[in-house]
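Chemist: What follows is a structure written as structure tokens; I'll ask about it next.
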Amino acid sequence: MRILGISAFYHDSAACLLEDGRLVAAAQEERFTRKRHDPGFPSMAIDYCLKEAGVDLKGVDAIAYYEKPFLKFERILETVVENSPESFGFGIKALPVWIKDKLWMRKRIWRELGAEIPVYFTDHHESHAASAYFPSPFDKAATLTVDGVGEASTTTWGMGEGNRLTLKEEIRYPNSLGLLYSALTQYLGFKVNSAEYKVMGLAPYGEPKYVDTFWKNLVERFPDGSYLLNMEYFSFSKRLEMINEKFDKLFGQSRRKEESIMEPFHADVARSLQVVTEELMLGLSRYVHEKSGMKNLCLAGGVALNCVANGRIVREGPFENVWIQPGAGDSGGAVGAAYIVWHHVMNESRPTSIGDRQLGSLLGPSYTDEEAEQAFTRYGLKCRRLSANDCFAQTAEFLGDQKIVGWFQGRMEFGPRALGARSILGDARNAEMQKRMNLKIKFRESFRPFAPAVLAEDAKDYFSMDCDSPYMLLTFGVNEKVGAVRKVATAGNRRWMHEMLEGNSGRVPAVTHVDGSARVQTVDASRNRPFYNLLKEFKRKTGSSVLINTSFNVRGEPIVCTPNDAVRCFVKSDIDVLVVGNVIATRTEQDESSLESLRKKFTEEDQFELD
């Protein structure tokens with residue numbers, strides 16, 4: 001029995017395939033189209049999932065779509081009517097698209113696939129909750145889902161037991177923690193539904209000076225964890241913008257223009273928003289624990305990608321165990337929808353006590369060494385093929401020699417985090433590595449932090465943590481004996497961010513954020529054997545168990561999928577070494593003129609929109 005899960009037409013479209021209840025493949029469409037956050041129908045992701053299972057559409061028994069179009073249309077229509085006449089412009093743009101196409105989703109899916117397979121529609125937040133509970137290692141768990149908006153829900157909690165999941169309560173649009181965060185993302189000059197994570201990364205540079213401003217003007221919270229937004233400051237229910245002129249005046253400065261200078265003020269606003277978000281998430285988790293009586297919690301929805309809030313729930317919240325869907329945003333909705341159909345519609349049982357069913361989230365395509373060599377030779381690049389053991393040893397030596405390595409191994413990750421399959425790696429002991437990788441490799445803002453990957457058995461030696469964090473979705477403090485942070489920035493100094501970064505010291509300064517925290521990935525052999533082996537070899541050579549792990553892409557580009565993508569990224573950036581499977585190429589052994597010619601060619605061809 002095969003069920004194809006689909007999420008599409010908003011952002012981060014994706015597909016997955018369940019085979020007899022087992023997740024055999026999942027991927028975002030952006031990885032194949034090379035269009036970041038691609039919202040289109042996930043045709044290429046579907047093709048991959050079918051290929052991975054060795055079947056065509058005739059082998060698919062059912063399709064699961066991650067939300068209910070009629071309910072979503074009803075909410076949009078109600079919003080337009082309730083906010084008229086201001087909302088007429090919004091309605092004129094949105095409603096015809098729905099009436100003509102999006103309402104008739106079953107026919108749209110059949111048309112895209114060229115096959116009339118039974119289609120089931122699941123509630124958006126039910127899909128989120130299912131994506132967190134059913135792949136989790138728990139036999140029983142509470143669920144908490146928080147995002148922008150689904151059909152009408154923005155926050156829900158529920159309970160899962162065995163093969164059944166039930167949503168209990170909800171908060172409805174326009175009251176939305178996800179939309180609050182997106183509104184501030186726009187105010188701070190970043191792109192909505194794309195760069196919210198930048199706000200989280202900016203927050204530690206600031207002070208929570210405006211927390212009271214949030215509570216007094218923007219959001220009201222209640223003892224049961226619920227909250228209300230003050231819609232006098234927001235415009236997302238009336239037009240295609242998040243905030244209005246009144247919001248612009250609230251903090252004493254108008255909204256920041258994209259790519260303009262970042263001031264301490266902006267960091268203070270980001271920090272204040274982060275504090276409010278953490279407090280709301282903690283309040284919700286405590287209420288869910290009280291009402292459910294469960295010891296386990298499963299999180300999903302876009303806000304569940306806020307690793308700082310997640311870390312506080314783990315450390316300060318009432319639950320014994322927390323599991324977060326790696327594809328917590330809309331991409332994961334495809335997974336949840338497929339599980340709902342398998343368990344609720346087909347009434348199939350759920351195996352108990354088999355561990356993490358997400359399988360390390362390594363659910364994408366893999367490639368052979370022969371395909372790797374072809375990608376190098378296609379562009380006239382010199383490479384050499386090694387044995388697996390020699391490959392680990394040589395790569396670890398490069399990293400110890402302060403080389404930056406593009407690391408491409410096995411099946412691609414599902415979700416927004418690089419987990420050691422499509423990663424750029426560096427030595428976390430080198431304080432200069434953070435600046436070099438941001439500006440010379442990723443071509444992104446210098447304030448952005450990098451995450452550490454650490455051997456699971458050594459994690460406590462470096463970080464203040466007592467649980468695994470295999471999906472890089474939790475933030476912990478760096479142990480005082482390992483890292484130190486010295487804030488030296490002064491107001492009005494245009495180099496304030498650089499000075500704060502230069503204050504980092506200790507054993508792993510390149511992955512220690514300015515507040516002494518780190519977004520940790522613990523690496524074990526069961527989930528990702530090649531990455532584990534590399535870390536073991538790096539430790540053997542250097543005594544350190546920690547590497548910088550950032551996604552294999554440059555700013556605006558999706559994470560690489562194929563060896564060809566990896567070669568192009570290697571050429572365009574200043575990555576020193578590229579390792580694809582057991583095939584290695586170094587920048588120094590290439591012809592400089594040929595490399596520069598290729599760099600110019602690829603840069604002109606790959607016009608990615610900056611996020």
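Lettering and numbering for the structure tokens are positional, with chains as A, B, ... in the shown order, residues counted from 1 in each chain, and ligands counted from 1 in the shown order.
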Mind running stretch 84-144 of chain A against stretch 314-338 of chain A at 6 Å and telling me each contacting residue's nearest atom pair with the distance in Å (one decimal), counting only C-alpha atoms, chain and number ascending, as a tab-separated table?
Modeler:
residue	atom	partner	partner_atom	distance
A:Thr122	CA	A:Ala337	CA	5.9
A:Ser127	CA	A:Gly336	CA	4.3
A:His128	CA	A:Gly333	CA	5.3
A:Ala130	CA	A:Gly336	CA	4.4
A:Ser131	CA	A:Gly336	CA	3.7
A:Ala132	CA	A:Gln325	CA	4.9
Chemist: Using the selection just defined, write its residues with C-alpha atoms as a short mmCIF file (atom, residue, chain, number, x, y, z; two decimals), in the first residue's frame.
Modeler:
data_model
loop_
_atom_site.label_atom_id
_atom_site.label_comp_id
_atom_site.auth_asym_id
_atom_site.auth_seq_id
_atom_site.Cartn_x
_atom_site.Cartn_y
_atom_site.Cartn_z
CA THR A 122 -6.48 16.60 5.61
CA SER A 127 -1.14 17.47 8.96
CA HIS A 128 1.42 19.37 11.04
CA ALA A 130 0.63 14.10 12.35
CA SER A 131 4.03 14.95 10.86
CA ALA A 132 5.33 15.35 14.41
#
Chemist: Using only C-alpha atoms, determine which residues lie at most 7 Å from A:Phe538, disregarding the query and same-chain residues fewer than 6 positions distant; provide the list as a VMD selection string.
Modeler: chain A and resid 396 544 to 545
Chemist: Report the closest atom pair, with its distance in Å rounded to one decimal, for each residue of stretch 291-410 of chain A that has an atom no farther than 12 Å from stretch 431-450 of chain A; count only C-alpha atoms, sort by chain and then rising residue number, and write it as a tab-separated table.
Modeler:
residue	atom	partner	partner_atom	distance
A:Leu399	CA	A:Met433	CA	11.2
A:Gln402	CA	A:Met433	CA	8.3
A:Lys403	CA	A:Met433	CA	9.6
A:Ile404	CA	A:Met437	CA	8.0
A:Val405	CA	A:Ile441	CA	10.3
A:Gly406	CA	A:Ile441	CA	10.2
Chemist: Using backbone DSSP assignments, extract all helix (DSSP H, G or I) residues from stretch 19-216 of chain A; output them as a PyMOL selection string.
Modeler: chain A and resi 30-33+43-53+57-59+69-82+88-100+102-113+124-133+177-187+196-205+211-216
Chemist: Measuring between only C-alpha atoms, which one of A:Cys391, A:Ala115, A:Ala456, A:Ile340 shows the shortest distance to A:Ala525?
Modeler: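 That would be A:Ala456, the residue with the smallest distance to A:Ala525.
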Chemist: Just the residues within 12 Å of A:Gly543, please, counting only C-alpha atoms, with nothing from its chain fewer than 6 positions along; format it as a list in words.
Modeler: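 Result of the neighbour search: Ala396, Gly400, Asp427, Arg429, Leu455, Asp458, Arg507, Leu535, Lys536 and Glu537 of chain A.
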Chemist: If we count only C-alpha atoms, what is near A:Val571 at a cut-off of 8 Å, once residues fewer than 4 positions away on the same chain are taken out, given as number ranges by chain?
Modeler: A: 567, 575, 595, 598-599, 602
Chemist: Quick one: residues within 8 Å of stretch 255-272 of chain A, only C-alpha atoms counted, chain neighbours fewer than 4 positions away excluded, as a PyMOL selection string?
Modeler: chain A and resi 184+186-190+199-200+202-211+214+248+276+491-492+494+496
Chemist: Counting only C-alpha atoms, what is within 12 Å of A:Val80, bar same-chain residues fewer than 5 positions away, as a VMD selection string?
Modeler: chain A and resid 73 to 75 85 to 95 236 to 240
Chemist: Do a neighbour search on A:Asp12 at 8 Å with only C-alpha atoms, toss out local chain neighbours closer than 6 positions, and write the hits as an NGL selection string.
Modeler: :A and (28-30 or 36-39 or 329-331)
Chemist: Could you work out how far atom CA of A:Ser136 lies from atom CA of A:Gly364, giving the answer in Å with one decimal?
Modeler: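 Distance reported for this atom pair: 18.9 Å.
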Chemist: Quote the spacing between atom CA of A:Ile559 and atom CA of A:Thr145 in Å to one decimal place.
Modeler: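 Answer for the atom CA of A:Ile559 to atom CA of A:Thr145 separation: 25.6 Å.
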Chemist: So, counting only C-alpha atoms, which residue among A:Ile117, A:Leu386, A:Arg31, A:Val520 is closest to A:Pro558?
Modeler: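 Going through A:Ile117, A:Leu386, A:Arg31, A:Val520 one by one, the smallest distance to A:Pro558 is for A:Arg31.
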Chemist: Quick one: of A:Glu370, A:Asp576, A:Glu232, A:Asp101, who's nearest to A:Thr395, counting only C-alpha atoms?
Modeler: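 The closest residue to A:Thr395 is A:Asp576.
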Chemist: Calculated over only C-alpha atoms, which of the candidates A:Leu473, A:Ile76, A:Cys383, A:Val149 has the smallest distance to A:Asn193?
Modeler: A:Val149
Chemist: Which parts of stretch 221-275 of chain A does DSSP call strand (DSSP E or B) when run on the backbone here, written out as a PyMOL selection string?
Modeler: chain A and resi 221+227-229+234+243
Chemist: Limited to N, CA and C atoms, could you put the picked residues into a file as an mmCIF file, in the first residue's frame?
Modeler:
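The result, stored in again_28.cif:
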data_model
loop_
_atom_site.group_PDB
_atom_site.id
_atom_site.type_symbol
_atom_site.label_atom_id
_atom_site.label_comp_id
_atom_site.auth_asym_id
_atom_site.auth_seq_id
_atom_site.Cartn_x
_atom_site.Cartn_y
_atom_site.Cartn_z
ATOM 1 N N ARG A 221 -1.617 38.163 26.324
ATOM 2 C CA ARG A 221 -1.535 36.747 26.671
ATOM 3 C C ARG A 221 -2.433 36.454 27.871
ATOM 4 N N TYR A 227 -3.504 33.709 23.339
ATOM 5 C CA TYR A 227 -3.072 35.081 23.092
ATOM 6 C C TYR A 227 -3.966 35.723 22.042
ATOM 7 N N LEU A 228 -3.966 37.044 22.002
ATOM 8 C CA LEU A 228 -4.692 37.822 20.999
ATOM 9 C C LEU A 228 -3.766 38.880 20.428
ATOM 10 N N LEU A 229 -3.841 39.109 19.111
ATOM 11 C CA LEU A 229 -3.102 40.205 18.499
ATOM 12 C C LEU A 229 -3.980 41.446 18.463
ATOM 13 N N PHE A 234 -1.665 45.788 12.459
ATOM 14 C CA PHE A 234 -1.351 44.830 11.394
ATOM 15 C C PHE A 234 -2.271 45.033 10.189
ATOM 16 N N ILE A 243 2.269 44.828 8.014
ATOM 17 C CA ILE A 243 2.131 45.889 9.012
ATOM 18 C C ILE A 243 1.678 47.186 8.365
#
